[in-house]
file run.tsv (TSV, N, CA and C atoms)
chain	number	residue	atom	x	y	z
A	579	MET	N	128.35	60.21	96.99
A	579	MET	CA	127.12	60.76	97.51
A	579	MET	C	127.42	61.84	98.56
A	580	LYS	N	128.42	61.58	99.44
A	580	LYS	CA	128.77	62.57	100.46
A	580	LYS	C	129.23	63.87	99.82
A	581	MET	N	129.97	63.75	98.72
A	581	MET	CA	130.44	64.95	98.03
A	581	MET	C	129.26	65.75	97.49
A	582	PHE	N	128.28	65.08	96.94
A	582	PHE	CA	127.08	65.75	96.42
A	582	PHE	C	126.35	66.49	97.54
A	583	ILE	N	126.17	65.86	98.67
A	583	ILE	CA	125.49	66.49	99.82
A	583	ILE	C	126.29	67.70	100.31
A	584	THR	N	127.61	67.55	100.38
A	584	THR	CA	128.46	68.66	100.81
A	584	THR	C	128.33	69.84	99.86
A	585	ILE	N	128.33	69.60	98.59
A	585	ILE	CA	128.19	70.66	97.59
A	585	ILE	C	126.82	71.33	97.74
A	586	CYS	N	125.76	70.56	97.93
A	586	CYS	CA	124.42	71.13	98.10
A	586	CYS	C	124.36	72.02	99.34
A	587	ILE	N	124.97	71.58	100.42
A	587	ILE	CA	124.98	72.38	101.65
A	587	ILE	C	125.74	73.68	101.42
A	588	MET	N	126.88	73.61	100.75
A	588	MET	CA	127.67	74.81	100.48
A	588	MET	C	126.89	75.80	99.61
A	589	ILE	N	126.18	75.31	98.61
A	589	ILE	CA	125.38	76.17	97.76
A	589	ILE	C	124.27	76.82	98.57
A	590	ALA	N	123.61	76.06	99.41
A	590	ALA	CA	122.52	76.60	100.23
A	590	ALA	C	123.03	77.68	101.18
A	591	ILE	N	124.17	77.47	101.78
A	591	ILE	CA	124.74	78.46	102.69
A	591	ILE	C	125.11	79.73	101.94
A	592	SER	N	125.73	79.60	100.79
A	592	SER	CA	126.15	80.79	100.05
A	592	SER	C	124.96	81.55	99.49
A	593	ALA	N	123.84	80.90	99.28
A	593	ALA	CA	122.67	81.56	98.73
A	593	ALA	C	121.81	82.23	99.79
A	594	THR	N	122.14	82.04	101.07
A	594	THR	CA	121.32	82.64	102.12
A	594	THR	C	122.11	83.62	102.95
A	595	GLY	N	122.30	83.31	104.21
A	595	GLY	CA	122.87	84.26	105.17
A	595	GLY	C	124.22	84.85	104.82
A	596	CYS	N	125.05	84.20	104.12
A	596	CYS	CA	126.37	84.73	103.84
A	596	CYS	C	126.35	85.88	102.86
A	597	SER	N	125.26	86.07	102.14
A	597	SER	CA	125.20	87.13	101.15
A	597	SER	C	125.00	88.49	101.77
A	598	GLY	N	124.57	88.55	103.03
A	598	GLY	CA	124.32	89.82	103.66
A	598	GLY	C	122.91	90.34	103.41
A	599	LYS	N	122.16	89.70	102.55
A	599	LYS	CA	120.82	90.17	102.22
A	599	LYS	C	119.75	89.31	102.87
A	600	GLY	N	120.12	88.32	103.64
A	600	GLY	CA	119.15	87.42	104.23
A	600	GLY	C	118.57	87.92	105.53
A	601	GLY	N	119.12	88.98	106.11
A	601	GLY	CA	118.67	89.46	107.40
A	601	GLY	C	117.49	90.42	107.30
A	602	ASP	N	117.14	90.98	108.45
A	602	ASP	CA	116.05	91.94	108.54
A	602	ASP	C	116.49	93.27	107.96
A	603	PRO	N	115.85	93.77	106.90
A	603	PRO	CA	116.26	95.04	106.31
A	603	PRO	C	116.03	96.23	107.23
A	604	GLN	N	115.25	96.04	108.29
A	604	GLN	CA	114.99	97.14	109.21
A	604	GLN	C	115.90	97.08	110.44
A	605	ALA	N	116.91	96.22	110.39
A	605	ALA	CA	117.84	96.08	111.51
A	605	ALA	C	118.80	97.25	111.60
A	606	ASP	N	119.08	97.89	110.46
A	606	ASP	CA	119.94	99.08	110.49
A	606	ASP	C	119.56	100.02	109.35
A	607	PRO	N	119.87	101.30	109.48
A	607	PRO	CA	119.43	102.29	108.48
A	607	PRO	C	119.94	102.03	107.07
A	608	LYS	N	121.19	101.62	106.95
A	608	LYS	CA	121.73	101.36	105.62
A	608	LYS	C	121.00	100.20	104.94
A	609	ALA	N	120.74	99.15	105.69
A	609	ALA	CA	120.02	98.00	105.14
A	609	ALA	C	118.62	98.40	104.68
A	610	LEU	N	117.97	99.29	105.42
A	610	LEU	CA	116.64	99.74	105.03
A	610	LEU	C	116.70	100.52	103.73
A	611	ALA	N	117.65	101.44	103.61
A	611	ALA	CA	117.80	102.20	102.37
A	611	ALA	C	118.06	101.26	101.20
A	612	GLU	N	118.94	100.29	101.39
A	612	GLU	CA	119.24	99.34	100.32
A	612	GLU	C	118.03	98.49	99.97
A	613	ALA	N	117.19	98.17	100.95
A	613	ALA	CA	115.98	97.39	100.68
A	613	ALA	C	115.00	98.18	99.81
A	614	ILE	N	114.93	99.48	100.02
A	614	ILE	CA	114.07	100.33	99.19
A	614	ILE	C	114.58	100.32	97.75
A	615	PHE	N	115.89	100.46	97.57
A	615	PHE	CA	116.46	100.42	96.22
A	615	PHE	C	116.30	99.04	95.59
A	616	ASP	N	116.48	98.00	96.38
A	616	ASP	CA	116.30	96.63	95.87
A	616	ASP	C	114.87	96.40	95.39
A	617	ALA	N	113.90	96.96	96.10
A	617	ALA	CA	112.50	96.81	95.68
A	617	ALA	C	112.28	97.46	94.32
A	618	ALA	N	112.91	98.61	94.10
A	618	ALA	CA	112.77	99.28	92.80
A	618	ALA	C	113.42	98.47	91.69
A	619	ARG	N	114.57	97.87	91.98
A	619	ARG	CA	115.26	97.08	90.96
A	619	ARG	C	114.51	95.79	90.64
A	620	SER	N	113.97	95.14	91.66
A	620	SER	CA	113.35	93.83	91.48
A	620	SER	C	111.88	93.90	91.08
A	621	GLY	N	111.22	95.02	91.40
A	621	GLY	CA	109.78	95.12	91.17
A	621	GLY	C	108.98	94.43	92.25
A	622	ASN	N	109.64	93.98	93.31
A	622	ASN	CA	108.97	93.33	94.44
A	622	ASN	C	108.65	94.41	95.49
A	623	PHE	N	107.46	94.99	95.40
A	623	PHE	CA	107.09	96.16	96.19
A	623	PHE	C	106.36	95.85	97.49
A	624	GLN	N	106.00	94.60	97.74
A	624	GLN	CA	105.13	94.24	98.86
A	624	GLN	C	105.63	94.74	100.21
A	625	SER	N	106.92	94.73	100.43
A	625	SER	CA	107.45	95.10	101.75
A	625	SER	C	107.52	96.59	101.99
A	626	LEU	N	107.40	97.41	100.95
A	626	LEU	CA	107.62	98.84	101.09
A	626	LEU	C	106.71	99.51	102.12
A	627	SER	N	105.45	99.15	102.17
A	627	SER	CA	104.54	99.81	103.10
A	627	SER	C	104.96	99.58	104.55
A	628	GLY	N	105.60	98.48	104.84
A	628	GLY	CA	106.06	98.19	106.20
A	628	GLY	C	107.33	98.93	106.57
A	629	PHE	N	107.96	99.62	105.62
A	629	PHE	CA	109.20	100.34	105.87
A	629	PHE	C	108.97	101.81	106.24
A	630	ILE	N	107.72	102.26	106.22
A	630	ILE	CA	107.44	103.69	106.37
A	630	ILE	C	106.86	103.99	107.74
A	631	ASP	N	107.39	105.03	108.38
A	631	ASP	CA	106.91	105.50	109.68
A	631	ASP	C	105.48	106.02	109.53
A	632	ALA	N	104.64	105.74	110.50
A	632	ALA	CA	103.24	106.20	110.47
A	632	ALA	C	103.15	107.72	110.39
A	633	ASP	N	104.14	108.43	110.93
A	633	ASP	CA	104.15	109.90	110.91
A	633	ASP	C	105.06	110.46	109.82
A	634	ALA	N	105.31	109.69	108.79
A	634	ALA	CA	106.23	110.09	107.72
A	634	ALA	C	105.69	111.26	106.91
A	635	ASP	N	106.60	111.92	106.20
A	635	ASP	CA	106.20	113.00	105.30
A	635	ASP	C	105.54	112.41	104.05
A	636	GLY	N	105.01	113.28	103.21
A	636	GLY	CA	104.27	112.84	102.03
A	636	GLY	C	105.09	112.02	101.05
A	637	ASP	N	106.34	112.43	100.80
A	637	ASP	CA	107.18	111.68	99.85
A	637	ASP	C	107.43	110.26	100.35
A	638	SER	N	107.69	110.14	101.64
A	638	SER	CA	107.95	108.81	102.21
A	638	SER	C	106.69	107.95	102.16
A	639	LYS	N	105.54	108.56	102.46
A	639	LYS	CA	104.28	107.80	102.41
A	639	LYS	C	103.99	107.32	100.99
A	640	ARG	N	104.38	108.11	99.99
A	640	ARG	CA	104.18	107.68	98.60
A	640	ARG	C	105.00	106.43	98.29
A	641	ILE	N	106.20	106.32	98.88
A	641	ILE	CA	106.99	105.09	98.69
A	641	ILE	C	106.22	103.91	99.26
A	642	GLY	N	105.61	104.10	100.41
A	642	GLY	CA	104.83	103.03	101.02
A	642	GLY	C	103.62	102.62	100.21
A	643	GLN	N	103.11	103.51	99.37
A	643	GLN	CA	101.92	103.23	98.56
A	643	GLN	C	102.24	102.56	97.23
A	644	VAL	N	103.52	102.44	96.90
A	644	VAL	CA	103.91	101.87	95.61
A	644	VAL	C	103.36	100.46	95.43
A	645	ALA	N	103.31	99.67	96.48
A	645	ALA	CA	102.85	98.29	96.36
A	645	ALA	C	101.39	98.20	95.92
A	646	THR	N	100.59	99.18	96.29
A	646	THR	CA	99.16	99.11	96.00
A	646	THR	C	98.69	100.07	94.92
A	647	ASP	N	99.59	100.88	94.39
A	647	ASP	CA	99.21	101.88	93.39
A	647	ASP	C	100.06	101.69	92.13
A	648	ALA	N	99.52	100.94	91.18
A	648	ALA	CA	100.26	100.63	89.95
A	648	ALA	C	100.63	101.87	89.16
A	649	SER	N	99.89	102.96	89.34
A	649	SER	CA	100.17	104.17	88.57
A	649	SER	C	101.49	104.84	88.94
A	650	VAL	N	102.05	104.52	90.09
A	650	VAL	CA	103.32	105.14	90.50
A	650	VAL	C	104.50	104.18	90.44
A	651	GLN	N	104.26	102.94	90.12
A	651	GLN	CA	105.32	101.93	90.14
A	651	GLN	C	106.43	102.21	89.13
A	652	GLU	N	106.09	102.63	87.93
A	652	GLU	CA	107.12	102.91	86.92
A	652	GLU	C	107.98	104.10	87.33
A	653	ASP	N	107.35	105.15	87.87
A	653	ASP	CA	108.13	106.29	88.34
A	653	ASP	C	109.04	105.90	89.49
A	654	PHE	N	108.53	105.07	90.40
A	654	PHE	CA	109.34	104.60	91.52
A	654	PHE	C	110.57	103.86	90.99
A	655	LYS	N	110.36	102.96	90.05
A	655	LYS	CA	111.48	102.23	89.46
A	655	LYS	C	112.46	103.19	88.81
A	656	LYS	N	111.94	104.15	88.05
A	656	LYS	CA	112.77	105.10	87.33
A	656	LYS	C	113.68	105.89	88.28
A	657	TYR	N	113.14	106.31	89.41
A	657	TYR	CA	113.89	107.17	90.32
A	657	TYR	C	114.70	106.43	91.38
A	658	PHE	N	114.36	105.19	91.68
A	658	PHE	CA	115.04	104.50	92.77
A	658	PHE	C	115.84	103.26	92.34
A	659	ALA	N	115.65	102.76	91.14
A	659	ALA	CA	116.35	101.55	90.72
A	659	ALA	C	117.87	101.73	90.65
A	660	LYS	N	118.32	102.94	90.35
A	660	LYS	CA	119.77	103.21	90.29
A	660	LYS	C	120.27	103.83	91.59
A	661	GLY	N	119.42	103.81	92.62
A	661	GLY	CA	119.79	104.41	93.90
A	661	GLY	C	120.83	103.61	94.65
A	662	LYS	N	121.56	104.33	95.50
A	662	LYS	CA	122.54	103.68	96.36
A	662	LYS	C	122.83	104.57	97.55
A	663	VAL	N	123.32	103.95	98.60
A	663	VAL	CA	123.73	104.67	99.79
A	663	VAL	C	125.07	105.32	99.50
A	664	SER	N	125.21	106.57	99.93
A	664	SER	CA	126.43	107.33	99.69
A	664	SER	C	127.06	107.68	101.04
A	665	GLY	N	127.95	106.85	101.50
A	665	GLY	CA	128.60	107.08	102.79
A	665	GLY	C	127.94	106.29	103.90
A	666	ASP	N	128.45	106.49	105.10
A	666	ASP	CA	127.94	105.77	106.27
A	666	ASP	C	126.77	106.53	106.90
A	667	PRO	N	125.77	105.80	107.39
A	667	PRO	CA	124.66	106.46	108.09
A	667	PRO	C	125.16	107.18	109.34
A	668	VAL	N	124.49	108.26	109.68
A	668	VAL	CA	124.78	108.98	110.91
A	668	VAL	C	123.63	108.66	111.86
A	669	ILE	N	123.94	107.95	112.94
A	669	ILE	CA	122.93	107.51	113.89
A	669	ILE	C	123.07	108.32	115.17
A	670	ASP	N	121.94	108.89	115.60
A	670	ASP	CA	121.89	109.66	116.85
A	670	ASP	C	120.71	109.14	117.66
A	671	GLY	N	120.99	108.15	118.49
A	671	GLY	CA	119.94	107.56	119.31
A	671	GLY	C	118.92	106.82	118.45
A	672	GLU	N	117.69	107.31	118.45
A	672	GLU	CA	116.59	106.68	117.71
A	672	GLU	C	116.36	107.32	116.35
A	673	LYS	N	117.30	108.15	115.90
A	673	LYS	CA	117.19	108.80	114.59
A	673	LYS	C	118.44	108.53	113.79
A	674	ALA	N	118.28	108.50	112.47
A	674	ALA	CA	119.42	108.28	111.58
A	674	ALA	C	119.23	109.06	110.29
A	675	SER	N	120.34	109.49	109.74
A	675	SER	CA	120.37	110.14	108.42
A	675	SER	C	121.23	109.29	107.51
A	676	VAL	N	120.69	108.99	106.33
A	676	VAL	CA	121.41	108.16	105.37
A	676	VAL	C	121.47	108.93	104.06
A	677	LYS	N	122.66	109.35	103.68
A	677	LYS	CA	122.82	110.05	102.40
A	677	LYS	C	122.70	109.04	101.28
A	678	ILE	N	121.93	109.44	100.26
A	678	ILE	CA	121.70	108.55	99.13
A	678	ILE	C	121.94	109.30	97.82
A	679	LEU	N	122.10	108.53	96.78
A	679	LEU	CA	122.08	109.02	95.41
A	679	LEU	C	120.92	108.29	94.73
A	680	PHE	N	120.09	109.03	94.00
A	680	PHE	CA	118.97	108.41	93.32
A	680	PHE	C	118.64	109.23	92.07
A	681	GLY	N	117.52	108.95	91.44
A	681	GLY	CA	117.13	109.65	90.22
A	681	GLY	C	117.37	108.77	89.01
A	682	PRO	N	116.88	109.20	87.86
A	682	PRO	CA	117.00	108.39	86.65
A	682	PRO	C	118.44	108.00	86.32
A	683	ASP	N	119.40	108.87	86.65
A	683	ASP	CA	120.80	108.53	86.38
A	683	ASP	C	121.58	108.19	87.65
A	684	GLY	N	120.90	108.16	88.81
A	684	GLY	CA	121.52	107.77	90.06
A	684	GLY	C	122.51	108.78	90.62
A	685	THR	N	122.35	110.06	90.28
A	685	THR	CA	123.31	111.07	90.75
A	685	THR	C	122.69	112.17	91.60
A	686	LYS	N	121.38	112.15	91.78
A	686	LYS	CA	120.73	113.19	92.58
A	686	LYS	C	120.96	112.89	94.07
A	687	GLU	N	121.48	113.89	94.80
A	687	GLU	CA	121.77	113.71	96.22
A	687	GLU	C	120.55	114.01	97.07
A	688	GLU	N	120.35	113.19	98.08
A	688	GLU	CA	119.23	113.35	99.01
A	688	GLU	C	119.60	112.63	100.30
A	689	THR	N	118.80	112.84	101.32
A	689	THR	CA	119.03	112.17	102.59
A	689	THR	C	117.75	111.51	103.06
A	690	PHE	N	117.82	110.23	103.37
A	690	PHE	CA	116.73	109.54	104.03
A	690	PHE	C	116.86	109.83	105.52
A	691	GLU	N	115.80	110.33	106.13
A	691	GLU	CA	115.75	110.49	107.58
A	691	GLU	C	114.94	109.33	108.12
A	692	MET	N	115.48	108.63	109.10
A	692	MET	CA	114.85	107.43	109.62
A	692	MET	C	114.67	107.52	111.13
A	693	VAL	N	113.70	106.76	111.61
A	693	VAL	CA	113.46	106.68	113.05
A	693	VAL	C	113.43	105.21	113.45
A	694	LYS	N	113.84	104.97	114.69
A	694	LYS	CA	113.84	103.60	115.21
A	694	LYS	C	112.68	103.47	116.18
A	695	ILE	N	111.81	102.51	115.88
A	695	ILE	CA	110.63	102.27	116.71
A	695	ILE	C	110.56	100.77	116.98
A	696	GLY	N	110.51	100.42	118.26
A	696	GLY	CA	110.42	99.00	118.61
A	696	GLY	C	111.57	98.17	118.09
A	697	GLY	N	112.75	98.76	117.99
A	697	GLY	CA	113.93	98.02	117.54
A	697	GLY	C	114.08	97.94	116.04
A	698	LYS	N	113.16	98.55	115.27
A	698	LYS	CA	113.23	98.52	113.81
A	698	LYS	C	113.32	99.95	113.27
A	699	TRP	N	114.02	100.08	112.14
A	699	TRP	CA	114.16	101.38	111.48
A	699	TRP	C	113.06	101.57	110.45
A	700	PHE	N	112.56	102.81	110.38
A	700	PHE	CA	111.51	103.19	109.43
A	700	PHE	C	111.91	104.48	108.73
A	701	LEU	N	111.53	104.61	107.47
A	701	LEU	CA	111.75	105.86	106.73
A	701	LEU	C	110.76	106.90	107.23
A	702	HIS	N	111.27	108.06	107.62
A	702	HIS	CA	110.43	109.14	108.14
A	702	HIS	C	110.29	110.28	107.13
A	703	SER	N	111.40	110.63	106.47
A	703	SER	CA	111.33	111.70	105.47
A	703	SER	C	112.52	111.62	104.54
A	704	PHE	N	112.35	112.32	103.41
A	704	PHE	CA	113.49	112.55	102.50
A	704	PHE	C	113.14	113.70	101.59

call {"tool": "encode", "arguments": {"input": "run.tsv", "output": "structure tokens"}}
result
Amino acid sequence: MKMFITICIMIAISATGCSGKGGDPQADPKALAEAIFDAARSGNFQSLSGFIDADADGDSKRIGQVATDASVQEDFKKYFAKGKVSGDPVIDGEKASVKILFGPDGTKEETFEMVKIGGKWFLHSF
């Protein structure tokens, strides 16, 4: 019985915090970019609106609207599901630039510009 409990605990630990995905996606710029791509891959769009700066540009605001606008969800998946961070974020105080690759084939270069507000990172433009 002790062995069974130990195995269950080990499985629970490996399925949560040790994976690196259990934390706050807005804790750092890279995690936020990866959370946007994860939403496109999983189809779980609910968190996207909370990732966008209130003063964001139009493209960024459209990402925030994906959760409530079914007409753009397929395009969002098409362009962001193969996305990934390309290199290390450049952080300058309360601003960060994160180079990404995205697009239908995941090779289009772009930069997410982010701002830190209240200790959390938000997408401002791209």

call {"tool": "atom_distance", "arguments": {"input": "run.tsv", "atom1": "atom CA of Phe615 of chain A", "atom2": "atom CA of Lys660 of chain A"}}
result
7.3 Å

call {"tool": "atom_distance", "arguments": {"input": "run.tsv", "atom1": "atom CA of Asp616 of chain A", "atom2": "atom CA of His702 of chain A"}}
result
18.5 Å

call {"tool": "closest_residue", "arguments": {"input": "run.tsv", "among": "A:Arg640, A:Lys608, A:Lys694, A:Lys656", "to": "Glu672 of chain A", "atoms": "only N, CA and C atoms"}}
result
A:Lys694

call {"tool": "atom_distance", "arguments": {"input": "run.tsv", "atom1": "atom CA of Phe658 of chain A", "atom2": "atom CA of Asp633 of chain A"}}
result
21.8 Å

call {"tool": "select_by_dssp", "arguments": {"input": "run.tsv", "residues": "chain A", "states": "helix (DSSP H, G or I)", "output": "ChimeraX atom specification"}}
result
/A:580-592,595-597,607-620,626-629,636-643,648-658

call {"tool": "select_by_dssp", "arguments": {"input": "run.tsv", "residues": "chain A", "states": "strand (DSSP E or B)", "output": "PyMOL selection string"}}
result
chain A and resi 630+662-663+668-670+673-680+686-695+698-703

call {"tool": "closest_residue", "arguments": {"input": "run.tsv", "among": "A:Phe704, A:Phe680, A:Trp699, A:Phe654", "to": "Leu610 of chain A", "atoms": "all atoms listed in the file"}}
result
A:Trp699

call {"tool": "closest_residue", "arguments": {"input": "run.tsv", "among": "A:Gln651, A:Asp631, A:Ser638, A:Ser620", "to": "Phe690 of chain A", "atoms": "only C-alpha atoms"}}
result
A:Ser638

call {"tool": "decode", "arguments": {"input": "run.tsv", "residues": "segment 683-703 of chain A", "atoms": "C-alpha atoms", "output": "PDB file, in the first residue's frame"}}
result
ATOM      1  CA  ASP A 683       4.387  26.954 -41.230  1.00  0.00           C
ATOM      2  CA  GLY A 684       5.888  28.511 -38.069  1.00  0.00           C
ATOM      3  CA  THR A 685       8.644  30.413 -39.889  1.00  0.00           C
ATOM      4  CA  LYS A 686       7.389  34.009 -40.032  1.00  0.00           C
ATOM      5  CA  GLU A 687       9.525  36.253 -37.798  1.00  0.00           C
ATOM      6  CA  GLU A 688       7.878  38.802 -35.521  1.00  0.00           C
ATOM      7  CA  THR A 689       8.384  40.387 -32.128  1.00  0.00           C
ATOM      8  CA  PHE A 690       5.950  40.481 -29.246  1.00  0.00           C
ATOM      9  CA  GLU A 691       6.327  43.762 -27.356  1.00  0.00           C
ATOM     10  CA  MET A 692       5.218  43.397 -23.750  1.00  0.00           C
ATOM     11  CA  VAL A 693       4.713  45.644 -20.755  1.00  0.00           C
ATOM     12  CA  LYS A 694       4.818  44.833 -17.064  1.00  0.00           C
ATOM     13  CA  ILE A 695       1.922  46.187 -15.029  1.00  0.00           C
ATOM     14  CA  GLY A 696       1.361  45.330 -11.386  1.00  0.00           C
ATOM     15  CA  GLY A 697       3.996  42.600 -11.506  1.00  0.00           C
ATOM     16  CA  LYS A 698       2.444  40.833 -14.520  1.00  0.00           C
ATOM     17  CA  TRP A 699       3.429  40.862 -18.189  1.00  0.00           C
ATOM     18  CA  PHE A 700       0.928  41.813 -20.896  1.00  0.00           C
ATOM     19  CA  LEU A 701       1.124  41.753 -24.694  1.00  0.00           C
ATOM     20  CA  HIS A 702       1.231  45.344 -25.964  1.00  0.00           C
ATOM     21  CA  SER A 703       2.007  44.973 -29.666  1.00  0.00           C
TER      22      SER A 703
END
